[in-house]
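S.K.: So here's protein-v1.pdb, just PDB, C-alpha atoms and all ligand atoms:
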```
ATOM      1  CA  MET A 129    -126.525  31.344 101.872
ATOM      2  CA  ALA A 130    -130.157  30.568 102.426
ATOM      3  CA  HIS A 131    -131.963  31.864  99.402
ATOM      4  CA  ARG A 132    -130.466  30.312  96.337
ATOM      5  CA  TRP A 133    -132.967  27.483  96.185
ATOM      6  CA  LYS A 134    -135.785  27.649  93.802
ATOM      7  CA  ASN A 135    -138.732  26.572  95.828
ATOM      8  CA  ASP A 136    -140.768  24.574  93.383
ATOM      9  CA  LEU A 137    -143.629  23.586  95.625
ATOM     10  CA  SER A 138    -145.084  25.348  98.612
ATOM     11  CA  TRP A 139    -147.384  24.154 101.341
ATOM     12  CA  GLU A 140    -150.332  25.709  99.505
ATOM     13  CA  ASP A 141    -149.630  23.481  96.537
ATOM     14  CA  VAL A 142    -149.379  20.269  98.372
ATOM     15  CA  THR A 143    -151.423  20.176 101.563
ATOM     16  CA  PRO A 144    -154.344  17.788 101.451
ATOM     17  CA  GLU A 145    -156.713  20.753 101.391
ATOM     18  CA  ALA A 146    -155.280  21.528  97.989
ATOM     19  CA  VAL A 147    -156.604  18.367  96.440
ATOM     20  CA  TRP A 148    -159.533  20.061  94.798
ATOM     21  CA  LEU A 149    -157.916  23.397  94.112
ATOM     22  CA  ASN A 150    -159.085  24.684  90.809
ATOM     23  CA  ARG A 151    -156.793  24.271  87.890
ATOM     24  CA  ARG A 152    -155.915  27.934  87.574
ATOM     25  CA  GLN A 153    -154.609  28.071  91.124
ATOM     26  CA  LEU A 154    -152.621  24.938  90.490
ATOM     27  CA  MET A 155    -151.020  26.343  87.374
ATOM     28  CA  VAL A 156    -149.924  29.406  89.322
ATOM     29  CA  GLY A 157    -148.640  27.337  92.179
ATOM     30  CA  THR A 158    -146.501  24.981  90.174
ATOM     31  CA  VAL A 159    -144.968  27.065  87.436
ATOM     32  CA  GLY A 160    -141.435  26.259  88.558
ATOM     33  CA  LEU A 161    -142.070  22.560  88.362
ATOM     34  CA  GLY A 162    -143.109  22.653  84.718
ATOM     35  CA  LEU A 163    -145.698  20.026  85.376
ATOM     36  CA  ALA A 164    -146.669  18.870  81.939
ATOM     37  CA  ALA A 165    -149.042  16.514  83.661
ATOM     38  CA  ILE A 166    -151.094  19.440  84.908
ATOM     39  CA  ALA A 167    -151.819  20.488  81.357
ATOM     40  CA  GLY A 168    -153.836  17.336  80.959
ATOM     41  CA  SER A 169    -156.763  16.678  83.216
ATOM     42  CA  THR A 170    -154.582  15.745  86.139
ATOM     43  CA  PHE A 171    -155.803  15.729  89.680
ATOM     44  CA  ALA A 172    -153.994  17.691  92.314
ATOM     45  CA  SER A 173    -153.516  14.492  94.294
ATOM     46  CA  GLU A 174    -150.320  14.119  92.312
ATOM     47  CA  LEU A 175    -149.038  17.123  94.190
ATOM     48  CA  GLU A 176    -150.463  16.118  97.515
ATOM     49  CA  LEU A 177    -147.833  15.512 100.169
ATOM     50  CA  ASN A 178    -147.300  11.897 100.980
ATOM     51  CA  SER A 179    -148.182  11.141 104.556
ATOM     52  CA  TRP A 180    -145.593  10.633 107.304
ATOM     53  CA  ASP A 181    -146.649   7.012 107.228
ATOM     54  CA  ASP A 182    -146.066   6.564 103.487
ATOM     55  CA  ILE A 183    -142.665   8.218 103.691
ATOM     56  CA  THR A 184    -141.408   6.331 106.724
ATOM     57  CA  SER A 185    -142.781   2.849 106.151
ATOM     58  CA  TYR A 186    -142.060   2.167 102.466
ATOM     59  CA  ASN A 187    -138.310   2.470 102.125
ATOM     60  CA  ASN A 188    -135.282   1.188 100.345
ATOM     61  CA  PHE A 189    -132.398   1.055 102.797
ATOM     62  CA  TYR A 190    -130.628  -2.200 102.075
ATOM     63  CA  GLU A 191    -128.470  -1.866 105.171
ATOM     64  CA  PHE A 192    -131.570  -3.057 107.040
ATOM     65  CA  GLY A 193    -132.854  -5.577 104.505
ATOM     66  CA  THR A 194    -134.333  -5.629 101.040
ATOM     67  CA  ASP A 195    -138.016  -5.648 101.960
ATOM     68  CA  LYS A 196    -139.715  -2.231 101.882
ATOM     69  CA  GLY A 197    -140.832  -2.782 105.476
ATOM     70  CA  ASP A 198    -137.368  -3.770 106.776
ATOM     71  CA  PRO A 199    -135.992  -0.263 107.311
ATOM     72  CA  LYS A 200    -138.887   0.704 109.566
ATOM     73  CA  ARG A 201    -138.774  -2.672 111.261
ATOM     74  CA  TYR A 202    -135.051  -2.713 112.001
ATOM     75  CA  ALA A 203    -133.584   0.800 111.731
ATOM     76  CA  GLY A 204    -134.553   1.606 115.302
ATOM     77  CA  ASP A 205    -131.340  -0.107 116.436
ATOM     78  CA  LEU A 206    -129.136   2.398 114.682
ATOM     79  CA  VAL A 207    -127.414   4.851 117.022
ATOM     80  CA  THR A 208    -127.120   8.201 115.254
ATOM     81  CA  ASN A 209    -125.882  10.365 118.103
ATOM     82  CA  PRO A 210    -123.000  11.139 118.190
ATOM     83  CA  TRP A 211    -122.426  11.285 114.421
ATOM     84  CA  GLN A 212    -119.499  12.474 112.417
ATOM     85  CA  VAL A 213    -118.891  13.136 108.763
ATOM     86  CA  GLU A 214    -115.382  12.938 107.433
ATOM     87  CA  ILE A 215    -114.645  15.300 104.566
ATOM     88  CA  ASP A 216    -111.434  14.725 102.650
ATOM     89  CA  GLY A 217    -109.793  14.818  99.243
ATOM     90  CA  PHE A 218    -109.447  18.116  97.393
ATOM     91  CA  VAL A 219    -110.573  20.442 100.185
ATOM     92  CA  ASP A 220    -108.734  23.096 102.170
ATOM     93  CA  ARG A 221    -110.028  21.908 105.516
ATOM     94  CA  PRO A 222    -110.168  18.110 105.503
ATOM     95  CA  GLY A 223    -111.198  16.490 108.738
ATOM     96  CA  ILE A 224    -113.861  14.902 110.850
ATOM     97  CA  TYR A 225    -116.832  17.162 111.299
ATOM     98  CA  ASP A 226    -119.358  16.682 114.093
ATOM     99  CA  PHE A 227    -122.922  16.533 112.836
ATOM    100  CA  GLU A 228    -124.044  18.975 115.528
ATOM    101  CA  ASP A 229    -121.289  21.348 114.548
ATOM    102  CA  ILE A 230    -122.235  21.145 110.880
ATOM    103  CA  ILE A 231    -125.883  21.941 111.442
ATOM    104  CA  SER A 232    -125.068  24.787 113.800
ATOM    105  CA  LYS A 233    -123.319  26.461 110.867
ATOM    106  CA  MET A 234    -126.041  25.815 108.278
ATOM    107  CA  THR A 235    -129.360  27.449 107.592
ATOM    108  CA  ILE A 236    -131.921  24.680 107.801
ATOM    109  CA  GLU A 237    -134.775  25.194 105.377
ATOM    110  CA  GLU A 238    -137.746  23.193 104.265
ATOM    111  CA  ARG A 239    -138.063  22.045 100.675
ATOM    112  CA  ILE A 240    -140.918  20.076  99.216
ATOM    113  CA  TYR A 241    -139.506  17.849  96.514
ATOM    114  CA  ARG A 242    -140.837  15.204  94.202
ATOM    115  CA  PHE A 243    -139.002  11.925  94.681
ATOM    116  CA  ARG A 244    -138.917   9.354  91.892
ATOM    117  CA  CYS A 245    -137.610   5.857  92.507
ATOM    118  CA  VAL A 246    -136.097   3.796  89.691
ATOM    119  CA  GLU A 247    -138.736   1.183  90.537
ATOM    120  CA  ALA A 248    -141.296   3.573  88.998
ATOM    121  CA  TRP A 249    -143.015   4.850  92.112
ATOM    122  CA  SER A 250    -142.940   8.364  93.445
ATOM    123  CA  MET A 251    -143.711  10.519  96.470
ATOM    124  CA  VAL A 252    -143.888  14.209  97.367
ATOM    125  CA  ILE A 253    -141.856  14.827 100.512
ATOM    126  CA  PRO A 254    -141.274  17.844 102.785
ATOM    127  CA  TRP A 255    -137.573  17.608 103.639
ATOM    128  CA  SER A 256    -135.598  19.941 105.814
ATOM    129  CA  GLY A 257    -131.941  20.480 105.241
ATOM    130  CA  PHE A 258    -129.321  22.715 103.730
ATOM    131  CA  GLU A 259    -127.527  22.993 100.438
ATOM    132  CA  LEU A 260    -124.703  20.561  99.873
ATOM    133  CA  ALA A 261    -122.859  23.508  98.280
ATOM    134  CA  ASP A 262    -122.760  25.233 101.656
ATOM    135  CA  LEU A 263    -121.143  22.219 103.287
ATOM    136  CA  LEU A 264    -118.591  21.850 100.488
ATOM    137  CA  ASN A 265    -117.759  25.527 100.775
ATOM    138  CA  LEU A 266    -117.338  25.106 104.510
ATOM    139  CA  ALA A 267    -114.672  22.501 103.796
ATOM    140  CA  GLY A 268    -113.176  24.737 101.086
ATOM    141  CA  LEU A 269    -113.152  23.381  97.546
ATOM    142  CA  GLN A 270    -109.853  23.112  95.744
ATOM    143  CA  SER A 271    -109.562  23.586  92.003
ATOM    144  CA  GLU A 272    -108.713  19.921  91.372
ATOM    145  CA  ALA A 273    -112.102  18.784  92.746
ATOM    146  CA  ARG A 274    -114.309  17.488  89.930
ATOM    147  CA  TYR A 275    -116.500  14.876  91.623
ATOM    148  CA  VAL A 276    -117.960  14.231  95.049
ATOM    149  CA  ALA A 277    -117.962  10.713  96.481
ATOM    150  CA  PHE A 278    -120.276   9.763  99.364
ATOM    151  CA  GLU A 279    -120.178   6.824 101.732
ATOM    152  CA  THR A 280    -122.774   5.395 104.127
ATOM    153  CA  LEU A 281    -122.001   4.113 107.593
ATOM    154  CA  TYR A 282    -120.770   0.520 107.840
ATOM    155  CA  ARG A 283    -121.901  -0.936 111.164
ATOM    156  CA  PRO A 284    -123.216  -4.479 110.772
ATOM    157  CA  GLU A 285    -123.945  -4.798 114.516
ATOM    158  CA  GLN A 286    -126.700  -2.228 114.068
ATOM    159  CA  MET A 287    -127.368  -2.605 110.345
ATOM    160  CA  ARG A 288    -128.425  -6.188 109.976
ATOM    161  CA  GLY A 289    -128.598  -6.090 106.174
ATOM    162  CA  GLN A 290    -124.845  -5.526 106.106
ATOM    163  CA  ARG A 291    -124.338  -9.048 107.455
ATOM    164  CA  PHE A 292    -125.259 -10.270 103.966
ATOM    165  CA  PRO A 293    -123.420  -9.485 100.734
ATOM    166  CA  THR A 294    -126.485  -7.939  99.043
ATOM    167  CA  ILE A 295    -124.211  -5.241  97.698
ATOM    168  CA  LYS A 296    -120.582  -4.479  98.411
ATOM    169  CA  TRP A 297    -120.655  -2.496 101.660
ATOM    170  CA  PRO A 298    -120.489   0.316 102.419
ATOM    171  CA  TYR A 299    -123.059   1.866 100.064
ATOM    172  CA  VAL A 300    -121.357   4.509  97.941
ATOM    173  CA  GLU A 301    -122.591   7.175  95.556
ATOM    174  CA  GLY A 302    -121.184  10.052  93.569
ATOM    175  CA  LEU A 303    -122.023  13.278  91.797
ATOM    176  CA  ARG A 304    -120.199  15.471  89.356
ATOM    177  CA  LEU A 305    -119.127  18.666  91.116
ATOM    178  CA  ASP A 306    -121.586  20.905  89.255
ATOM    179  CA  GLU A 307    -124.449  18.558  90.184
ATOM    180  CA  ALA A 308    -123.313  18.624  93.794
ATOM    181  CA  MET A 309    -123.110  22.429  93.817
ATOM    182  CA  HIS A 310    -126.542  22.867  92.220
ATOM    183  CA  PRO A 311    -128.914  24.680  94.594
ATOM    184  CA  LEU A 312    -131.517  21.903  94.325
ATOM    185  CA  THR A 313    -129.047  19.408  95.809
ATOM    186  CA  ILE A 314    -129.479  19.243  99.543
ATOM    187  CA  MET A 315    -128.281  17.416 102.582
ATOM    188  CA  ALA A 316    -131.497  16.549 104.374
ATOM    189  CA  THR A 317    -131.614  16.272 108.133
ATOM    190  CA  GLY A 318    -135.336  15.956 108.680
ATOM    191  CA  LEU A 319    -138.788  15.594 107.217
ATOM    192  CA  TYR A 320    -142.168  16.970 108.192
ATOM    193  CA  GLN A 321    -140.215  19.365 110.452
ATOM    194  CA  LYS A 322    -139.008  16.478 112.586
ATOM    195  CA  PRO A 323    -135.501  14.998 112.799
ATOM    196  CA  MET A 324    -134.773  12.478 110.068
ATOM    197  CA  PRO A 325    -136.217   9.062 110.959
ATOM    198  CA  ASN A 326    -133.590   6.321 110.929
ATOM    199  CA  GLN A 327    -135.251   4.500 108.035
ATOM    200  CA  ASN A 328    -134.995   7.628 105.879
ATOM    201  CA  GLY A 329    -131.264   8.015 106.424
ATOM    202  CA  ALA A 330    -130.675   9.642 109.807
ATOM    203  CA  PRO A 331    -129.079  11.851 110.693
ATOM    204  CA  ILE A 332    -127.952  13.207 107.330
ATOM    205  CA  ARG A 333    -128.565  12.087 103.755
ATOM    206  CA  LEU A 334    -128.347  13.389 100.249
ATOM    207  CA  ILE A 335    -131.332  14.466  98.121
ATOM    208  CA  VAL A 336    -130.913  15.033  94.387
ATOM    209  CA  PRO A 337    -134.488  15.506  93.197
ATOM    210  CA  TRP A 338    -133.905  15.182  89.439
ATOM    211  CA  LYS A 339    -132.232  11.780  89.783
ATOM    212  CA  TYR A 340    -133.620   8.368  90.645
ATOM    213  CA  GLY A 341    -133.925   7.850  94.369
ATOM    214  CA  PHE A 342    -130.970   5.521  94.699
ATOM    215  CA  LYS A 343    -128.571   8.427  94.077
ATOM    216  CA  SER A 344    -129.839   9.938  97.335
ATOM    217  CA  ILE A 345    -127.498   8.107  99.684
ATOM    218  CA  LYS A 346    -128.501   7.787 103.331
ATOM    219  CA  SER A 347    -126.708   8.017 106.698
ATOM    220  CA  ILE A 348    -123.571   9.584 105.254
ATOM    221  CA  VAL A 349    -120.268   9.317 107.133
ATOM    222  CA  LYS A 350    -117.801  10.333 104.468
ATOM    223  CA  ILE A 351    -117.571  12.842 101.633
ATOM    224  CA  THR A 352    -114.506  12.877  99.386
ATOM    225  CA  LEU A 353    -113.688  15.426  96.705
ATOM    226  CA  THR A 354    -111.995  13.620  93.837
ATOM    227  CA  ASP A 355    -110.657  14.306  90.373
ATOM    228  CA  VAL A 356    -111.945  11.031  88.909
ATOM    229  CA  GLN A 357    -115.506   9.704  88.656
ATOM    230  CA  PRO A 358    -116.172   7.715  91.834
ATOM    231  CA  PRO A 359    -117.771   4.261  91.919
ATOM    232  CA  THR A 360    -121.465   4.008  92.791
ATOM    233  CA  SER A 361    -123.072   0.996  94.456
ATOM    234  CA  TRP A 362    -125.737   0.221  91.849
ATOM    235  CA  ASN A 363    -123.469   0.837  88.910
ATOM    236  CA  ARG A 364    -120.880  -1.465  90.441
ATOM    237  CA  LEU A 365    -123.502  -4.172  90.969
ATOM    238  CA  GLN A 366    -125.289  -3.922  87.630
ATOM    239  CA  PRO A 367    -123.633  -1.510  85.184
ATOM    240  CA  SER A 368    -126.021  -2.367  82.358
ATOM    241  CA  GLU A 369    -128.980  -1.216  84.457
ATOM    242  CA  TYR A 370    -127.634   1.691  86.522
ATOM    243  CA  GLY A 371    -125.339   4.343  85.118
ATOM    244  CA  PHE A 372    -123.410   7.020  86.927
ATOM    245  CA  TYR A 373    -125.830   9.814  86.015
ATOM    246  CA  SER A 374    -129.176   8.137  86.707
ATOM    247  CA  ASN A 375    -131.209  11.181  85.769
ATOM    248  CA  VAL A 376    -134.948  10.627  85.727
ATOM    249  CA  ASN A 377    -135.578  10.185  82.021
ATOM    250  CA  PRO A 378    -138.887   8.753  80.801
ATOM    251  CA  THR A 379    -137.413   8.092  77.345
ATOM    252  CA  VAL A 380    -134.719   5.718  78.597
ATOM    253  CA  ASP A 381    -136.262   2.547  79.947
ATOM    254  CA  HIS A 382    -134.677   0.451  82.612
ATOM    255  CA  PRO A 383    -133.651  -2.750  80.766
ATOM    256  CA  ARG A 384    -136.356  -4.679  82.619
ATOM    257  CA  TRP A 385    -139.220  -2.148  82.777
ATOM    258  CA  SER A 386    -140.504   1.114  81.374
ATOM    259  CA  GLN A 387    -139.718   4.469  82.957
ATOM    260  CA  ALA A 388    -142.458   6.331  81.070
ATOM    261  CA  THR A 389    -144.937   6.402  83.937
ATOM    262  CA  GLU A 390    -144.969   6.132  87.691
ATOM    263  CA  ARG A 391    -147.278   5.147  90.523
ATOM    264  CA  LYS A 392    -147.627   7.629  93.307
ATOM    265  CA  VAL A 393    -147.321   5.853  96.645
ATOM    266  CA  GLY A 394    -150.379   6.189  98.866
ATOM    267  CA  GLN A 395    -152.961   6.345  96.081
ATOM    268  CA  GLY A 396    -153.751   2.655  96.144
ATOM    269  CA  LEU A 397    -152.324  -0.008  93.885
ATOM    270  CA  PHE A 398    -154.964   0.520  91.235
ATOM    271  CA  ALA A 399    -154.612   4.278  90.993
ATOM    272  CA  ARG A 400    -153.984   5.690  87.555
ATOM    273  CA  ARG A 401    -150.298   5.856  86.680
ATOM    274  CA  ILE A 402    -148.965   9.305  85.948
ATOM    275  CA  PRO A 403    -146.505  10.287  83.226
ATOM    276  CA  THR A 404    -142.927  10.637  84.399
ATOM    277  CA  LEU A 405    -141.377  13.988  83.631
ATOM    278  CA  MET A 406    -137.919  14.600  82.229
ATOM    279  CA  PHE A 407    -135.544  15.223  85.150
ATOM    280  CA  ASN A 408    -138.512  14.473  87.423
ATOM    281  CA  GLY A 409    -140.008  17.880  86.542
ATOM    282  CA  TYR A 410    -136.859  19.874  87.279
ATOM    283  CA  GLU A 411    -135.839  20.178  83.630
ATOM    284  CA  GLU A 412    -135.842  23.947  83.619
ATOM    285  CA  GLU A 413    -133.436  24.053  86.527
ATOM    286  CA  VAL A 414    -131.002  21.297  85.576
ATOM    287  CA  ALA A 415    -131.108  20.501  81.842
ATOM    288  CA  HIS A 416    -128.199  22.878  81.200
ATOM    289  CA  LEU A 417    -125.916  20.645  83.261
ATOM    290  CA  TYR A 418    -126.160  17.983  80.568
ATOM    291  CA  GLU A 419    -126.014  20.090  77.424
ATOM    292  CA  GLY A 420    -124.172  18.290  74.685
ATOM    293  CA  MET A 421    -124.315  14.956  76.494
ATOM    294  CA  ASP A 422    -126.050  11.948  75.011
ATOM    295  CA  LEU A 423    -128.429  11.008  77.811
ATOM    296  CA  THR A 424    -129.113   7.602  76.306
ATOM    297  CA  GLU A 425    -125.435   6.839  76.459
ATOM    298  CA  ASN A 426    -125.024   8.543  79.851
ATOM    299  CA  TYR A 427    -128.029   7.002  81.607
TER
HETATM  300  N1  LIG B   1    -128.834   4.757 100.801
HETATM  301  C1  LIG B   1    -128.283   3.689 101.405
HETATM  302  N2  LIG B   1    -127.241   3.879 102.208
HETATM  303  N3  LIG B   1    -128.762   2.431 101.225
HETATM  304  C2  LIG B   1    -129.809   2.187 100.392
HETATM  305  O1  LIG B   1    -130.211   1.009 100.241
HETATM  306  N4  LIG B   1    -131.489   3.123  98.879
HETATM  307  C3  LIG B   1    -131.696   4.179  97.884
HETATM  308  C4  LIG B   1    -131.618   5.582  98.509
HETATM  309  N5  LIG B   1    -130.489   5.674  99.393
HETATM  310  C5  LIG B   1    -130.434   3.283  99.737
HETATM  311  C6  LIG B   1    -129.905   4.591  99.985
HETATM  312  C7  LIG B   1    -132.967   4.012  97.200
HETATM  313  S1  LIG B   1    -133.088   2.733  96.083
HETATM  314  C8  LIG B   1    -134.020   4.867  97.398
HETATM  315  S2  LIG B   1    -135.422   4.721  96.443
HETATM  316  C9  LIG B   1    -133.955   5.923  98.441
HETATM  317  O2  LIG B   1    -132.802   5.822  99.244
HETATM  318  C10 LIG B   1    -135.161   5.854  99.344
HETATM  319  O3  LIG B   1    -135.178   6.967 100.208
HETATM  320  P1  LIG B   1    -136.417   7.132 101.229
HETATM  321  O4  LIG B   1    -136.544   5.865 101.975
HETATM  322  O5  LIG B   1    -136.100   8.294 102.106
HETATM  323  O6  LIG B   1    -137.623   7.380 100.397
END
```
Please, can you express the file's structure as structure tokens?
Ligand code: MTE
M.R.:
Amino acid sequence: MAHRWKNDLSWEDVTPEAVWLNRRQLMVGTVGLGLAAIAGSTFASELELNSWDDITSYNNFYEFGTDKGDPKRYAGDLVTNPWQVEIDGFVDRPGIYDFEDIISKMTIEERIYRFRCVEAWSMVIPWSGFELADLLNLAGLQSEARYVAFETLYRPEQMRGQRFPTIKWPYVEGLRLDEAMHPLTIMATGLYQKPMPNQNGAPIRLIVPWKYGFKSIKSIVKITLTDVQPPTSWNRLQPSEYGFYSNVNPTVDHPRWSQATERKVGQGLFARRIPTLMFNGYEEEVAHLYEGMDLTENY
């Protein structure tokens, strides 16, 4: 169960000490990531882990407000213990699963992933978690299941952003079943080897590293296996800007800005922008999922 992930980055690649690693070492360390950027004269700082501070104080979590500082400011009120996740739809064992019970059955591993937001900034983050596939198998997939729908907690008493109709609450997201079963797709329960901070989606959130960050829904309370494509919050709000797939694709611009480059958070506002990679650098692992699809049409 534990070893199907392809570990694209290791601590040696990303610790701050690695900043001035020579290029040869870098090439060896990042083969799986296919970092085209490295082929140019790119500094290793692009691979440097973002600090705990970067990762936990610059967030999008509209349930707490739309400012990047709001989640850290207000997410402390959220009670995440006890926590339950309902799994229903086309599964053999539908029901309400206790978070503690889920994690006791999973192998928690650390994965260092690049994270690319649709707003054209990025981070490198050490998550801990388990494969979504393992959870779906625990519930028992039925043959009719073709998509996975996810839902975030709705609790306006503790999530002050939900008192305003910023989006239609609760936040919802979806994946095609093969995307959900891909070994890079994880349910994260922590970062930097600590439990998930509330502002990052405690206690359990999705991470799909080849898609824009908004696909990675936080504080999940419900997972439904469906046979039709589920609605997604951003697509519902602005279909011309946010499609169902939302794969990181530098050749398809957001209607209001370019997606060709990104700014790595923590490098200062005037740091050089870096080229965005197809599928956020995970092309080798995931391109086959979209063979034959027009990715301009299916953005
Ligand atoms: N999940 C919920 N429930 N609500 C949100 O507003 N924002 C998304 C995604 N998941 C969001 C969410 C967006 S736009 C991004 S960029 C990522 O969360 C940010 O994740 P992070 O704060 O862990 O970096």
S.K.: Could you list as a ChimeraX atom specification every residue that has an atom within 12 Å of (-126.7, 9.4, 75.1), using the file's coordinates and counting all atoms listed in the file?
M.R.: /A:371,373-375,377,379-380,418-427
S.K.: For chain A versus ligand LIG 1 (chain B), which residues have an atom no more than 6 Å away, and what is each residue's nearest atom pair and distance in Å rounded to one decimal, using all atoms listed in the file, chain-then-number order, as JSON lines?
M.R.:
```
{"residue": "A:Asn187", "atom": "CA", "partner": "B:LIG1", "partner_atom": "O4", "distance": 3.8}
{"residue": "A:Asn188", "atom": "CA", "partner": "B:LIG1", "partner_atom": "N4", "distance": 4.5}
{"residue": "A:Phe189", "atom": "CA", "partner": "B:LIG1", "partner_atom": "O1", "distance": 3.4}
{"residue": "A:Tyr190", "atom": "CA", "partner": "B:LIG1", "partner_atom": "O1", "distance": 3.7}
{"residue": "A:Glu191", "atom": "CA", "partner": "B:LIG1", "partner_atom": "N3", "distance": 5.8}
{"residue": "A:Cys245", "atom": "CA", "partner": "B:LIG1", "partner_atom": "S2", "distance": 4.6}
{"residue": "A:Thr280", "atom": "CA", "partner": "B:LIG1", "partner_atom": "N2", "distance": 5.1}
{"residue": "A:Tyr299", "atom": "CA", "partner": "B:LIG1", "partner_atom": "N2", "distance": 5.1}
{"residue": "A:Asn328", "atom": "CA", "partner": "B:LIG1", "partner_atom": "O5", "distance": 4.0}
{"residue": "A:Gly341", "atom": "CA", "partner": "B:LIG1", "partner_atom": "S2", "distance": 4.0}
{"residue": "A:Phe342", "atom": "CA", "partner": "B:LIG1", "partner_atom": "C3", "distance": 3.5}
{"residue": "A:Ser344", "atom": "CA", "partner": "B:LIG1", "partner_atom": "N5", "distance": 4.8}
{"residue": "A:Ile345", "atom": "CA", "partner": "B:LIG1", "partner_atom": "N1", "distance": 3.8}
{"residue": "A:Lys346", "atom": "CA", "partner": "B:LIG1", "partner_atom": "N1", "distance": 4.0}
```
S.K.: Taking the file as shown, find all residues satisfying the PyMOL selection byres (((chain A and resi 199-216) around 7) and not hetatm) and write them as a PyMOL selection string.
M.R.: chain A and resi 184-185+187+189+192-193+196-198+217-219+222-227+286-287+326-327+330-331+348-353
S.K.: Would you write out, as JSON lines, a table of all residues in region 220-308 of chain A that have an atom no more than 10 Å from an atom of region 400-408 of chain A, listing for each the closest atom pair and the distance in Å to one decimal, considering only C-alpha atoms and ordering rows by chain and rising residue number?
M.R.:
```
{"residue": "A:Tyr241", "atom": "CA", "partner": "A:Asn408", "partner_atom": "CA", "distance": 9.7}
{"residue": "A:Arg242", "atom": "CA", "partner": "A:Asn408", "partner_atom": "CA", "distance": 7.2}
{"residue": "A:Phe243", "atom": "CA", "partner": "A:Asn408", "partner_atom": "CA", "distance": 7.7}
{"residue": "A:Arg244", "atom": "CA", "partner": "A:Asn408", "partner_atom": "CA", "distance": 6.8}
{"residue": "A:Ala248", "atom": "CA", "partner": "A:Thr404", "partner_atom": "CA", "distance": 8.6}
{"residue": "A:Trp249", "atom": "CA", "partner": "A:Arg401", "partner_atom": "CA", "distance": 9.1}
{"residue": "A:Ser250", "atom": "CA", "partner": "A:Thr404", "partner_atom": "CA", "distance": 9.3}
```
S.K.: Restricting the calculation to only C-alpha atoms, which member of A:Glu140, A:Glu259, A:Asp381, A:Glu411 is positioned closest to Leu334 (chain A)?
M.R.: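 Using only C-alpha atoms, the shortest distance to Leu334 (chain A) belongs to A:Glu259.
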